[in-house]
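Enquirer: I'd like to ask some things about the structure below.
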Amino acid sequence: MKKLLFGLLLFGAANLVFAQNKISCSEWKTTDFIQMYLPAFAADGSTDGKKFERADLLEKAQLDERPETKSWPGLKLAGDSLLSAVDGENQLVQLAGYLTTDRWVKAKMTIATNALFELYLDGQKLKSQPKLSETSVDVDLTLETGKHQLFLKLISTDAKTKFAASLATANDLSEARLGWTTNEKRTFTIYDVLNGESISSAKISPSGKYVLVNYSEVIPGSGKTSKHARVYDLEQKKNVFVIRNAEGYSSGWMPKTDRLTYSVAKDGTSDLFIYDLNTGEEQKVASAIQDLGAVTWSPNEDFLIYSQSVEAEKHGDLKRVYGNDDRLPYFRNRSYLYLLDLKSGLVSPLTAGYLSASLQDIQLDGTKILFSTERMDYSEVPFSKQNLYEMDVQTMQIDTVWSEKPYGGSCQYSPDGKQLLVTGGPECFGDLGVNVSEGRIPNSYDTQLYLFNMETKKAEALSRDFDPAINNAYWSANGNIYLSVTEKDYVRLYRFNLKTKKYTPIELPVDVLGPIDYAREKSLAVFEGTSISSPEKLYMLNLERGKAELLDYPKEQQLADVEFGKNEDWNFTNATGTTIYGRIYYPVNYDPAKKYPLIVNYYGGTSPISRSFGGRYPANTWAANGYLVYILQPSGATGFGQDFSALHVNGWGRDAIDDIIEGTQKFLAAHPSADAQNVGCIGASYGGFTTMLLQTRTDLFKTAIAHAGISAITSYWGEGYWGYSYSAGATKGSYPWNRKDIYVDNSPIYNADKFQNSILLLHGTSDTNVPVGESLQYYAALKILGKDVEMVLVDGQDHHILDYKKRIEWHQTIMSWFDKKLKNQPDEWNEMYPDKQF
């Protein structure tokens with residue numbers, strides 16, 4: 001290998017060249033030259049007579065198509081643009097540089113060289129030049145706002161290898177400001193959200209010695225996913241083994257010993273195995289289980305209980321509907337419980353009948369189980385009744401714990417089996433858990449914690465005066481109860497002491513606690529978590545000391561060069577004297593002396609927008625595109641106490657919209673750098689409804705985007721898969737026939753004539769939660785009224801846009817709309833959605 005010398009002059013890595021129309025790309029990151037050779041028998045030709053030539057060397061030289069360039073030397077081309085270190089043919093070199101643009105733009109790279117080359121943009125091949133060119137070669141580029149890596153692979157054809165490159169914008173987009181640099185630092189993009197490795201699950205072994213981590217990796221460009229798993233020794237700090245190509249596997253730990261249990265799916269059936277890490281022995285415990293569902297081992301590992309789905313008989317061309325939920329295509333399917341005895345291998349059915357059964361828990365001594373059934377009852381809110389049963393697994397004798405309970409809950413045994421820890425809504429046990437002001441109705445989604453005595457059948461409310469909403473609970477063998485809770489826009493961990501009834505927060509190095517798993521025999525747990533500008537990380541937590549230790553950061557290398565703007569909390573007191581919490585995302589290199597367009601984001605429904613990284617609406621990508629972003633948690637969200645969440649019930653936009661308008665006005669007054677003439681808003685689902693209605697109440701927002709919004713509360717109530725059942729909580733006791741003030745007066749479509757400014761409606765055509773008709777009818781109304789409205793339908797997508805390619809296009813649709821309306825940059829929107837006459 002020879003050191004690549006362009007002649008010439010070293011330069012500073014942070015040097016950044018800007019130009020309005022044209023840039024000479026004279027500074028590059030480079031590798032050493034590598035001498036390449038034609039393979040043996042190259043001149044003989046293949047079976048079709050084709051000889052292996054230099055152009056084939058270019059194609060077959062496999063290199064990283066988006067390389068890490070930190071260790072590459074930085075060099076500058078001399079005036080004659082000669083690669084002076086080249087002294088022969090077939091020498092391979094890589095060059096990399098970074099192009100920046102302050103807006104979406106079409107550009108052109110011109111390359112003049114007597115080498116063969118391939119050009120890549122952000123890892124995607126744009127151009128292959130396998131033949132010598134007498135003139136320069138032009139390559140068209142389409143660039144989103146931000147920084148892009150350009151990577152060249154060259155094969156020399158002469159000892160005097162020439163190279164020169166330049167960039168230019170298209171004539172009609174001359175206002176775009178291009179930059180050229182060798183500095184790898186960049187801003188956050190949608191590809192950082194979607195691509196790369198993430199943790200699917202992490203489970204700690206009973207002894208606390210091992211952790212099993214399942215990973216999923218999205219391949220850039222294709223969106224295809226590969227899966228792998230590894231077992232990590234927490235004591236010796238090393239991998240025990242790694243499993244690649246883990247598709248079709250579902251794995252976990254046995255509850256008592258450090259043995260793995262996993263199922264392998266094939267042809268609609270599953271085999272179940274146990275693997276002993278100490279002996280290396282594998283045991284098959286079940287074969288060819290049809291439609292295997294959840295698997296739960298008994299604490300003593302002598303049996304397991306699994307669920308099995310039974311698909312309902314297909315109906316003919318006509319279908320009689322037997323109830324509101326029978327509209328759902330899967331409603332008639334049933335799930336039953338089976339017990340597999342490990343010693344005998346016998347499988348015994350535990351439940352049958354016309355109702356599905358759900359396993360709640362297995363008693364610690366393994367003698368009894370809890371399971372529940374649920375039936376629909378349309379005569380009383382919440383339209384379902386839960387029965388909870390306790391079964392002796394030896395005798396199959398059943399005792400009813402409770403029956404026909406209108407607000408069911410999730411249950412787990414206490415360590416001694418005498419009590420149940422129950423999570424459910426405030427009205428799970430009548431008014432026992434309710435804590436709201438007079439005249440307010442509790443929000444059934446504000447989950448509470450209860451203790452239920454199995455002997456007396458009496459319940460005790462444990463969280464009535466605890467403002468955070470309970471997400472999940474774990475009752476450890478030593479008596480401690482650990483709770484994951486939504487607290488404002490955080491998700492946090494608490495320890496609850498049953499004797500003192502005291503909640504103690506456990507400090508974590510994340511804003512949003514994700515899935516957490518506890519070791520049975522040791523005070524250890526593993527958890528995933530994120531923060532505003534920090535993606536998913538995996539930690540081990542010592543529960544006694546409250547100390548967390550980082551185990552893995554899957555996207556560390558991927559995001560090593562990403563720069564995030566600062567963020568900070570910004571709260572205000574609304575007209576009723578209530579604190580409304582919020583936060584701000586600033587652009588990178590924010591300058592308070594400049595003006596920035598503002599995007600306001602909210603949900604307005606029954607939960608806050610958490611401080612998690614990524615998600616459906618990754619605010620960091622908006623800030624990276626030059627926007628100030630203000631996210632607020634309007635009245636009605638859980639995590640702020642029952643009185644606050646109760647404002648959601650029968651509210652349907654009233655208090656929430658007042659908070660959004662007041663908050664935005666106060667935000668603009670407090671932040672002179674926010675351009676009050678260019679403010680946009682965006683929300684999805686209930687937030688889409690909020691957005692639709694918001695534009696009929698104020699002219700504050702120059703434009704808006706509503707994804708999967710509800711335009712007529714009545715039609716959503718009757719048509720959405722869960723419309724009427726969601727409304728049982730959100731509109732308790734209120735129906736289209738008795739509360740026209742809600743269903744009509746607060747429906748955006750009945751206020752369409754008051755609509756102001758502009759809106760983009762987005763909707764998946766296969767949305768089962770909020771049917772696409774909600775956007776269609778609002779679009780029709782606004783078009784007839786001559787309002788500024790556009791609608792983009794995402795083919796085949798449900799309530800969330802999950803398809804990789806469609807998710808990217810959907811994101812770019814959002815960005816291009818805001819760029820058009822708030823930055824006066826319509827170019828990308830016009831490229832994606834040109835005007836046509838029909």
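Chain lettering (A, B, ...) mirrors the order of the structure tokens, residue numbering begins at 1 for each chain separately, and ligand numbering begins at 1 in order of display.
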Would you mind listing what lies within 12 Å of region 316-326 of chain A as an NGL selection string, with only C-alpha atoms counted and same-chain residues fewer than 6 positions away left out?
Expert: :A and (332-333 or 375-379 or 383-384 or 717-725)
Enquirer: Taking 6 positions as the minimum chain separation for residues in the same chain, which residues sit within 12 Å of Leu493 (chain A) when counting only C-alpha atoms? Answer as a ChimeraX atom specification.
Expert: /A:468-474,481-487,503-516,525,527-529,541,543,546
Enquirer: Now that the selection is made, can you save its residues with N, CA and C atoms as a tab-separated table (two decimals), in the first residue's frame?
Expert:
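File written: out_30.tsv
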```tsv
chain	number	residue	atom	x	y	z
A	468	PRO	N	-49.00	10.21	39.53
A	468	PRO	CA	-48.62	9.47	38.32
A	468	PRO	C	-49.58	8.32	38.01
A	469	ALA	N	-49.71	8.01	36.73
A	469	ALA	CA	-50.54	6.88	36.29
A	469	ALA	C	-49.68	5.62	36.27
A	470	ILE	N	-50.25	4.51	36.72
A	470	ILE	CA	-49.51	3.25	36.82
A	470	ILE	C	-49.46	2.57	35.45
A	471	ASN	N	-48.25	2.25	35.03
A	471	ASN	CA	-48.09	1.49	33.77
A	471	ASN	C	-48.03	0.00	34.03
A	472	ASN	N	-47.16	-0.43	34.93
A	472	ASN	CA	-47.10	-1.84	35.31
A	472	ASN	C	-46.48	-1.95	36.69
A	473	ALA	N	-46.68	-3.12	37.32
A	473	ALA	CA	-46.22	-3.34	38.69
A	473	ALA	C	-45.58	-4.71	38.80
A	474	TYR	N	-44.59	-4.81	39.71
A	474	TYR	CA	-43.93	-6.09	39.99
A	474	TYR	C	-43.80	-6.24	41.49
A	481	ILE	N	-42.62	-3.64	46.09
A	481	ILE	CA	-43.41	-3.48	44.87
A	481	ILE	C	-42.75	-2.38	44.04
A	482	TYR	N	-42.44	-2.70	42.79
A	482	TYR	CA	-41.80	-1.76	41.89
A	482	TYR	C	-42.80	-1.36	40.80
A	483	LEU	N	-42.87	-0.07	40.53
A	483	LEU	CA	-43.88	0.46	39.63
A	483	LEU	C	-43.25	1.30	38.53
A	484	SER	N	-43.61	1.02	37.30
A	484	SER	CA	-43.33	1.91	36.18
A	484	SER	C	-44.53	2.82	36.02
A	485	VAL	N	-44.30	4.14	36.03
A	485	VAL	CA	-45.42	5.08	36.04
A	485	VAL	C	-45.19	6.18	35.01
A	486	THR	N	-46.29	6.72	34.52
A	486	THR	CA	-46.25	7.95	33.71
A	486	THR	C	-46.41	9.13	34.64
A	487	GLU	N	-45.37	9.94	34.71
A	487	GLU	CA	-45.38	11.12	35.58
A	487	GLU	C	-45.10	12.34	34.73
A	503	TYR	N	-44.32	6.00	48.51
A	503	TYR	CA	-43.74	5.84	47.18
A	503	TYR	C	-42.37	6.52	47.14
A	504	THR	N	-41.35	5.78	46.75
A	504	THR	CA	-39.99	6.32	46.69
A	504	THR	C	-39.48	6.24	45.26
A	505	PRO	N	-39.13	7.37	44.64
A	505	PRO	CA	-38.62	7.32	43.27
A	505	PRO	C	-37.22	6.72	43.23
A	506	ILE	N	-36.95	5.96	42.18
A	506	ILE	CA	-35.61	5.42	41.92
A	506	ILE	C	-35.05	6.18	40.73
A	507	GLU	N	-33.98	6.92	40.97
A	507	GLU	CA	-33.42	7.75	39.91
A	507	GLU	C	-32.82	6.89	38.82
A	508	LEU	N	-33.15	7.24	37.58
A	508	LEU	CA	-32.65	6.51	36.42
A	508	LEU	C	-31.97	7.49	35.47
A	509	PRO	N	-31.03	7.02	34.66
A	509	PRO	CA	-30.33	7.91	33.72
A	509	PRO	C	-31.09	8.13	32.42
A	510	VAL	N	-32.41	7.95	32.44
A	510	VAL	CA	-33.24	8.13	31.25
A	510	VAL	C	-34.47	8.93	31.63
A	511	ASP	N	-35.07	9.60	30.65
A	511	ASP	CA	-36.33	10.32	30.87
A	511	ASP	C	-37.53	9.39	30.79
A	512	VAL	N	-37.42	8.40	29.90
A	512	VAL	CA	-38.56	7.52	29.64
A	512	VAL	C	-38.14	6.07	29.85
A	513	LEU	N	-38.59	5.50	30.94
A	513	LEU	CA	-38.33	4.09	31.22
A	513	LEU	C	-39.13	3.23	30.25
A	514	GLY	N	-38.45	2.31	29.59
A	514	GLY	CA	-39.12	1.37	28.71
A	514	GLY	C	-39.38	0.06	29.43
A	515	PRO	N	-39.40	-1.06	28.71
A	515	PRO	CA	-39.62	-2.36	29.36
A	515	PRO	C	-38.55	-2.64	30.41
A	516	ILE	N	-38.98	-3.20	31.53
A	516	ILE	CA	-38.07	-3.54	32.62
A	516	ILE	C	-38.35	-4.98	33.06
A	525	ALA	N	-32.33	-5.72	38.09
A	525	ALA	CA	-33.27	-5.63	36.97
A	525	ALA	C	-32.49	-5.15	35.75
A	527	PHE	N	-33.31	-2.82	32.20
A	527	PHE	CA	-34.34	-1.99	31.61
A	527	PHE	C	-33.81	-1.27	30.38
A	528	GLU	N	-34.75	-0.91	29.51
A	528	GLU	CA	-34.46	-0.07	28.37
A	528	GLU	C	-35.01	1.32	28.64
A	529	GLY	N	-34.39	2.32	28.02
A	529	GLY	CA	-34.89	3.66	28.22
A	529	GLY	C	-34.31	4.64	27.23
A	541	LEU	N	-29.80	-2.51	36.63
A	541	LEU	CA	-30.15	-1.68	37.77
A	541	LEU	C	-30.04	-2.49	39.06
A	543	LEU	N	-31.35	-2.66	42.44
A	543	LEU	CA	-32.55	-2.10	43.05
A	543	LEU	C	-32.32	-1.64	44.48
A	546	GLY	N	-30.04	1.54	43.92
A	546	GLY	CA	-30.57	2.49	42.95
A	546	GLY	C	-29.54	2.94	41.95
```
Enquirer: Determine which residues of region 486-685 of chain A receive a DSSP assignment of alpha helix (DSSP H), computed from the backbone, and state them as a list in words.
Expert: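 Alpha helix (DSSP H) assignments inside region 486-685 of chain A correspond to Ala619, Asn620, Thr621, Trp622, Ala623, Ala624, Gln642, Asp643, Phe644, Ser645, Arg654, Asp655, Ala656, Ile657, Asp658, Asp659, Ile660, Ile661, Glu662, Gly663, Thr664, Gln665, Lys666, Phe667, Leu668, Ala669 and Ala670 of chain A.
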Enquirer: Got time to write the residues from that selection, C-alpha atoms, as a compact mmCIF listing (two decimals), in the first residue's frame?
Expert:
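New file part-v8.txt:
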```
# COMPACT_ATOMS: atom_id res chain seq x y z
CA ALA A 619 -39.27 16.39 17.02
CA ASN A 620 -35.48 16.32 16.75
CA THR A 621 -35.81 15.93 12.96
CA TRP A 622 -37.99 19.04 12.76
CA ALA A 623 -35.49 21.04 14.81
CA ALA A 624 -32.69 19.72 12.60
CA GLN A 642 -56.85 12.42 38.41
CA ASP A 643 -58.36 15.90 38.53
CA PHE A 644 -56.28 16.95 35.52
CA SER A 645 -56.98 13.79 33.50
CA ARG A 654 -62.58 22.39 24.78
CA ASP A 655 -59.99 22.73 27.55
CA ALA A 656 -57.22 21.23 25.42
CA ILE A 657 -57.69 23.72 22.58
CA ASP A 658 -57.89 26.62 25.01
CA ASP A 659 -54.52 25.49 26.43
CA ILE A 660 -52.94 25.15 22.99
CA ILE A 661 -54.02 28.62 21.88
CA GLU A 662 -53.08 30.27 25.17
CA GLY A 663 -49.80 28.36 25.39
CA THR A 664 -48.76 29.26 21.84
CA GLN A 665 -49.59 32.93 22.39
CA LYS A 666 -47.55 33.03 25.59
CA PHE A 667 -44.72 31.08 23.95
CA LEU A 668 -44.49 33.60 21.12
CA ALA A 669 -44.50 36.48 23.58
CA ALA A 670 -41.69 34.88 25.59
```
Enquirer: Give me the residues within 12 Å of Leu776 (chain A) as a list of chain:residue names, counting only C-alpha atoms and dropping any in the same chain fewer than 2 places off.
Expert: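 Residues near the query, excluding close chain neighbours: A:His707, A:Ala708, A:Gly709, A:Ile710, A:Ser711, A:Ala712, A:Ile749, A:Leu760, A:Leu761, A:Leu762, A:His763, A:Gly764, A:Thr765, A:Val770, A:Pro771, A:Val772, A:Gly773, A:Glu774, A:Tyr778, A:Tyr779, A:Ala780, A:Ala781, A:Leu782, A:Lys783, A:Val789, A:Glu790, A:Met791, A:Val792, A:Leu793.
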Enquirer: I need the chosen residues saved as a compact mmCIF listing (two decimals), in the first residue's frame, with C-alpha atoms.
Expert:
```txt
# COMPACT_ATOMS: atom_id res chain seq x y z
CA HIS A 707 -52.97 12.78 10.62
CA ALA A 708 -55.86 10.32 11.08
CA GLY A 709 -58.00 13.06 12.59
CA ILE A 710 -61.64 12.73 13.65
CA SER A 711 -63.86 15.24 11.84
CA ALA A 712 -67.27 13.99 13.02
CA ILE A 749 -66.98 19.19 10.11
CA LEU A 760 -52.88 19.13 5.19
CA LEU A 761 -54.91 15.98 5.93
CA LEU A 762 -52.99 12.70 6.10
CA HIS A 763 -54.60 9.29 6.49
CA GLY A 764 -53.86 5.60 5.95
CA THR A 765 -56.42 4.06 3.63
CA VAL A 770 -60.11 6.20 12.80
CA PRO A 771 -61.64 5.32 9.41
CA VAL A 772 -60.28 7.22 6.45
CA GLY A 773 -63.73 8.70 5.88
CA GLU A 774 -63.03 11.11 8.74
CA TYR A 778 -63.53 17.04 6.10
CA TYR A 779 -61.61 17.45 2.85
CA ALA A 780 -64.89 17.49 0.89
CA ALA A 781 -66.34 20.16 3.16
CA LEU A 782 -63.28 22.41 3.02
CA LYS A 783 -62.97 22.08 -0.76
CA VAL A 789 -56.73 22.22 2.05
CA GLU A 790 -54.69 19.31 0.71
CA MET A 791 -55.07 15.61 1.43
CA VAL A 792 -52.55 12.79 1.03
CA LEU A 793 -53.70 9.20 1.53
```
Enquirer: Select, from A:Asp140, A:Glu27, A:Glu549, A:Asp258, the residue with the minimum atom-to-atom distance to Ala165 (chain A), counting only C-alpha atoms.
Expert: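 For Ala165 (chain A), the nearest of the candidates is A:Glu27.
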Enquirer: Rank A:Gly196, A:Gly248, A:Gly680, A:Gly733 by their smallest atom-to-atom distance to Ser216 (chain A), using only C-alpha atoms, and report the top residue only.
Expert: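 The answer is A:Gly196, which sits nearest to Ser216 (chain A).
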Enquirer: Gln557 (chain A): which residues within 12 Å, counting only C-alpha atoms, same-chain residues fewer than 3 positions away excluded, as a PyMOL selection string?
Expert: chain A and resi 67-68+70+192+196-197+535+552-554+560-562
Enquirer: Write out the residues from the selection above, keeping N, CA and C atoms, as a CSV table (one decimal), in the first residue's frame.
Expert:
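Saved as again23.csv:
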```
chain,number,residue,atom,x,y,z
A,67,PRO,N,-18.8,4.6,4.7
A,67,PRO,CA,-17.7,4.3,5.6
A,67,PRO,C,-17.5,5.3,6.7
A,68,GLU,N,-16.9,4.8,7.7
A,68,GLU,CA,-16.4,5.7,8.8
A,68,GLU,C,-15.2,6.4,8.4
A,70,LYS,N,-13.4,9.0,10.1
A,70,LYS,CA,-12.6,9.7,11.1
A,70,LYS,C,-11.1,9.5,11.0
A,192,ASP,N,-32.1,8.0,10.8
A,192,ASP,CA,-31.5,7.7,12.2
A,192,ASP,C,-32.6,7.1,13.0
A,196,GLY,N,-30.9,0.9,11.5
A,196,GLY,CA,-29.9,0.5,12.5
A,196,GLY,C,-30.5,-0.5,13.5
A,197,GLU,N,-29.8,-0.8,14.5
A,197,GLU,CA,-30.1,-1.8,15.5
A,197,GLU,C,-30.9,-1.3,16.7
A,535,PRO,N,-31.1,8.0,22.2
A,535,PRO,CA,-31.9,6.9,21.8
A,535,PRO,C,-31.8,5.7,22.8
A,552,ASP,N,-25.6,-1.7,27.0
A,552,ASP,CA,-25.6,-1.6,25.6
A,552,ASP,C,-26.2,-0.3,25.1
A,553,TYR,N,-25.6,0.2,24.0
A,553,TYR,CA,-26.1,1.4,23.3
A,553,TYR,C,-26.1,1.1,21.8
A,554,PRO,N,-27.1,0.4,21.3
A,554,PRO,CA,-27.1,-0.1,20.0
A,554,PRO,C,-26.7,0.9,18.9
A,560,ALA,N,-22.9,8.7,16.4
A,560,ALA,CA,-21.7,9.3,17.0
A,560,ALA,C,-21.4,10.7,16.5
A,561,ASP,N,-21.7,11.0,15.2
A,561,ASP,CA,-21.5,12.3,14.6
A,561,ASP,C,-22.7,13.2,14.6
A,562,VAL,N,-23.8,12.8,15.2
A,562,VAL,CA,-25.0,13.6,15.2
A,562,VAL,C,-24.9,14.7,16.3
```
Enquirer: Might you pull out every residue within 8 Å of region 581-592 of chain A, with only C-alpha atoms counted and same-chain residues fewer than 4 positions away left off, and present them as a PyMOL selection string?
Expert: chain A and resi 187+488+563-572+619-620+623-634+672-673
Enquirer: Would you pick out the contacts of region 116-118 of chain A at 6 Å or less, using only C-alpha atoms, so that residues sharing its chain but fewer than 4 positions from it are not included, and give the list as a list in words?
Expert: Lys127, Ser128, Gln129, Pro130, Leu152, Lys153, Leu154 and Ile155 of chain A
Enquirer: Could you state the separation of CA of His811 (chain A) and CA of Trp829 (chain A) in Å, given to one decimal place?
Expert: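 That distance, rounded to one decimal, is 11.8 Å.
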Enquirer: Would you list the contacts of Leu260 (chain A) as a VMD selection string, taking every protein, DNA or RNA residue within 9 Å and counting only C-alpha atoms, but skipping same-chain residues closer than 2 positions in sequence?
Expert: chain A and resid 205 212 251 to 254 257 to 258 262 273 to 277
Enquirer: Can you list, as a ChimeraX atom specification, every residue of region 568-697 of chain A that DSSP puts in strand (DSSP E)?
Expert: /A:568-569,572-573,579-580,582-585,596-601,628-632,674-684
Enquirer: Take the residues from that selection and write them out as a short mmCIF file (atom, residue, chain, number, x, y, z; two decimals), in the first residue's frame, keeping C-alpha atoms.
Expert:
```cif
data_model
loop_
_atom_site.label_atom_id
_atom_site.label_comp_id
_atom_site.auth_asym_id
_atom_site.auth_seq_id
_atom_site.Cartn_x
_atom_site.Cartn_y
_atom_site.Cartn_z
CA GLU A 568 -35.47 22.81 27.75
CA ASP A 569 -38.72 22.77 29.68
CA PHE A 572 -47.09 28.22 31.70
CA THR A 573 -50.07 28.84 33.95
CA THR A 579 -49.71 24.63 35.17
CA ILE A 580 -49.48 23.31 31.61
CA GLY A 582 -44.21 21.70 27.84
CA ARG A 583 -40.75 21.65 26.30
CA ILE A 584 -38.78 23.28 23.49
CA TYR A 585 -36.49 21.80 20.85
CA TYR A 596 -37.33 30.73 13.19
CA PRO A 597 -40.62 29.19 12.03
CA LEU A 598 -42.41 27.40 14.86
CA ILE A 599 -44.05 23.95 14.92
CA VAL A 600 -46.46 23.29 17.81
CA ASN A 601 -47.16 19.63 18.62
CA LEU A 628 -38.31 25.79 16.73
CA VAL A 629 -40.53 23.06 18.18
CA TYR A 630 -42.90 23.55 21.11
CA ILE A 631 -44.56 20.44 22.58
CA LEU A 632 -47.19 20.91 25.27
CA ALA A 674 -40.11 32.43 17.12
CA ASP A 675 -41.63 33.90 13.96
CA ALA A 676 -45.23 34.68 14.88
CA GLN A 677 -46.11 35.00 11.20
CA ASN A 678 -45.00 31.43 10.47
CA VAL A 679 -46.47 29.11 13.07
CA GLY A 680 -47.69 25.60 12.23
CA CYS A 681 -49.32 22.88 14.31
CA ILE A 682 -49.54 19.11 14.00
CA GLY A 683 -51.34 16.26 15.76
CA ALA A 684 -52.43 12.68 15.12
#
```
Enquirer: Just to confirm, what's the straight-line distance from CA of Glu460 (chain A) to CA of Asn480 (chain A) in Å (one decimal)?
Expert: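 Separation between CA of Glu460 (chain A) and CA of Asn480 (chain A): 17.2 Å.
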Enquirer: For Ala646 (chain A), which residue among A:Arg327, A:Lys162, A:Arg186, A:Lys732 is the nearest when counting only C-alpha atoms?
Expert: A:Lys732
Enquirer: If you measure from CA of Ala159 (chain A) to CA of Asp32 (chain A), what distance in Å do you get, rounded to one decimal?
Expert: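 Those two atoms sit 15.5 Å apart.
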Enquirer: From the list A:Val193, A:Lys594, A:Tyr330, A:Gly604, which residue is nearest Ser534 (chain A) when using only C-alpha atoms?
Expert: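 So, comparing all the options, the nearest one is A:Val193.
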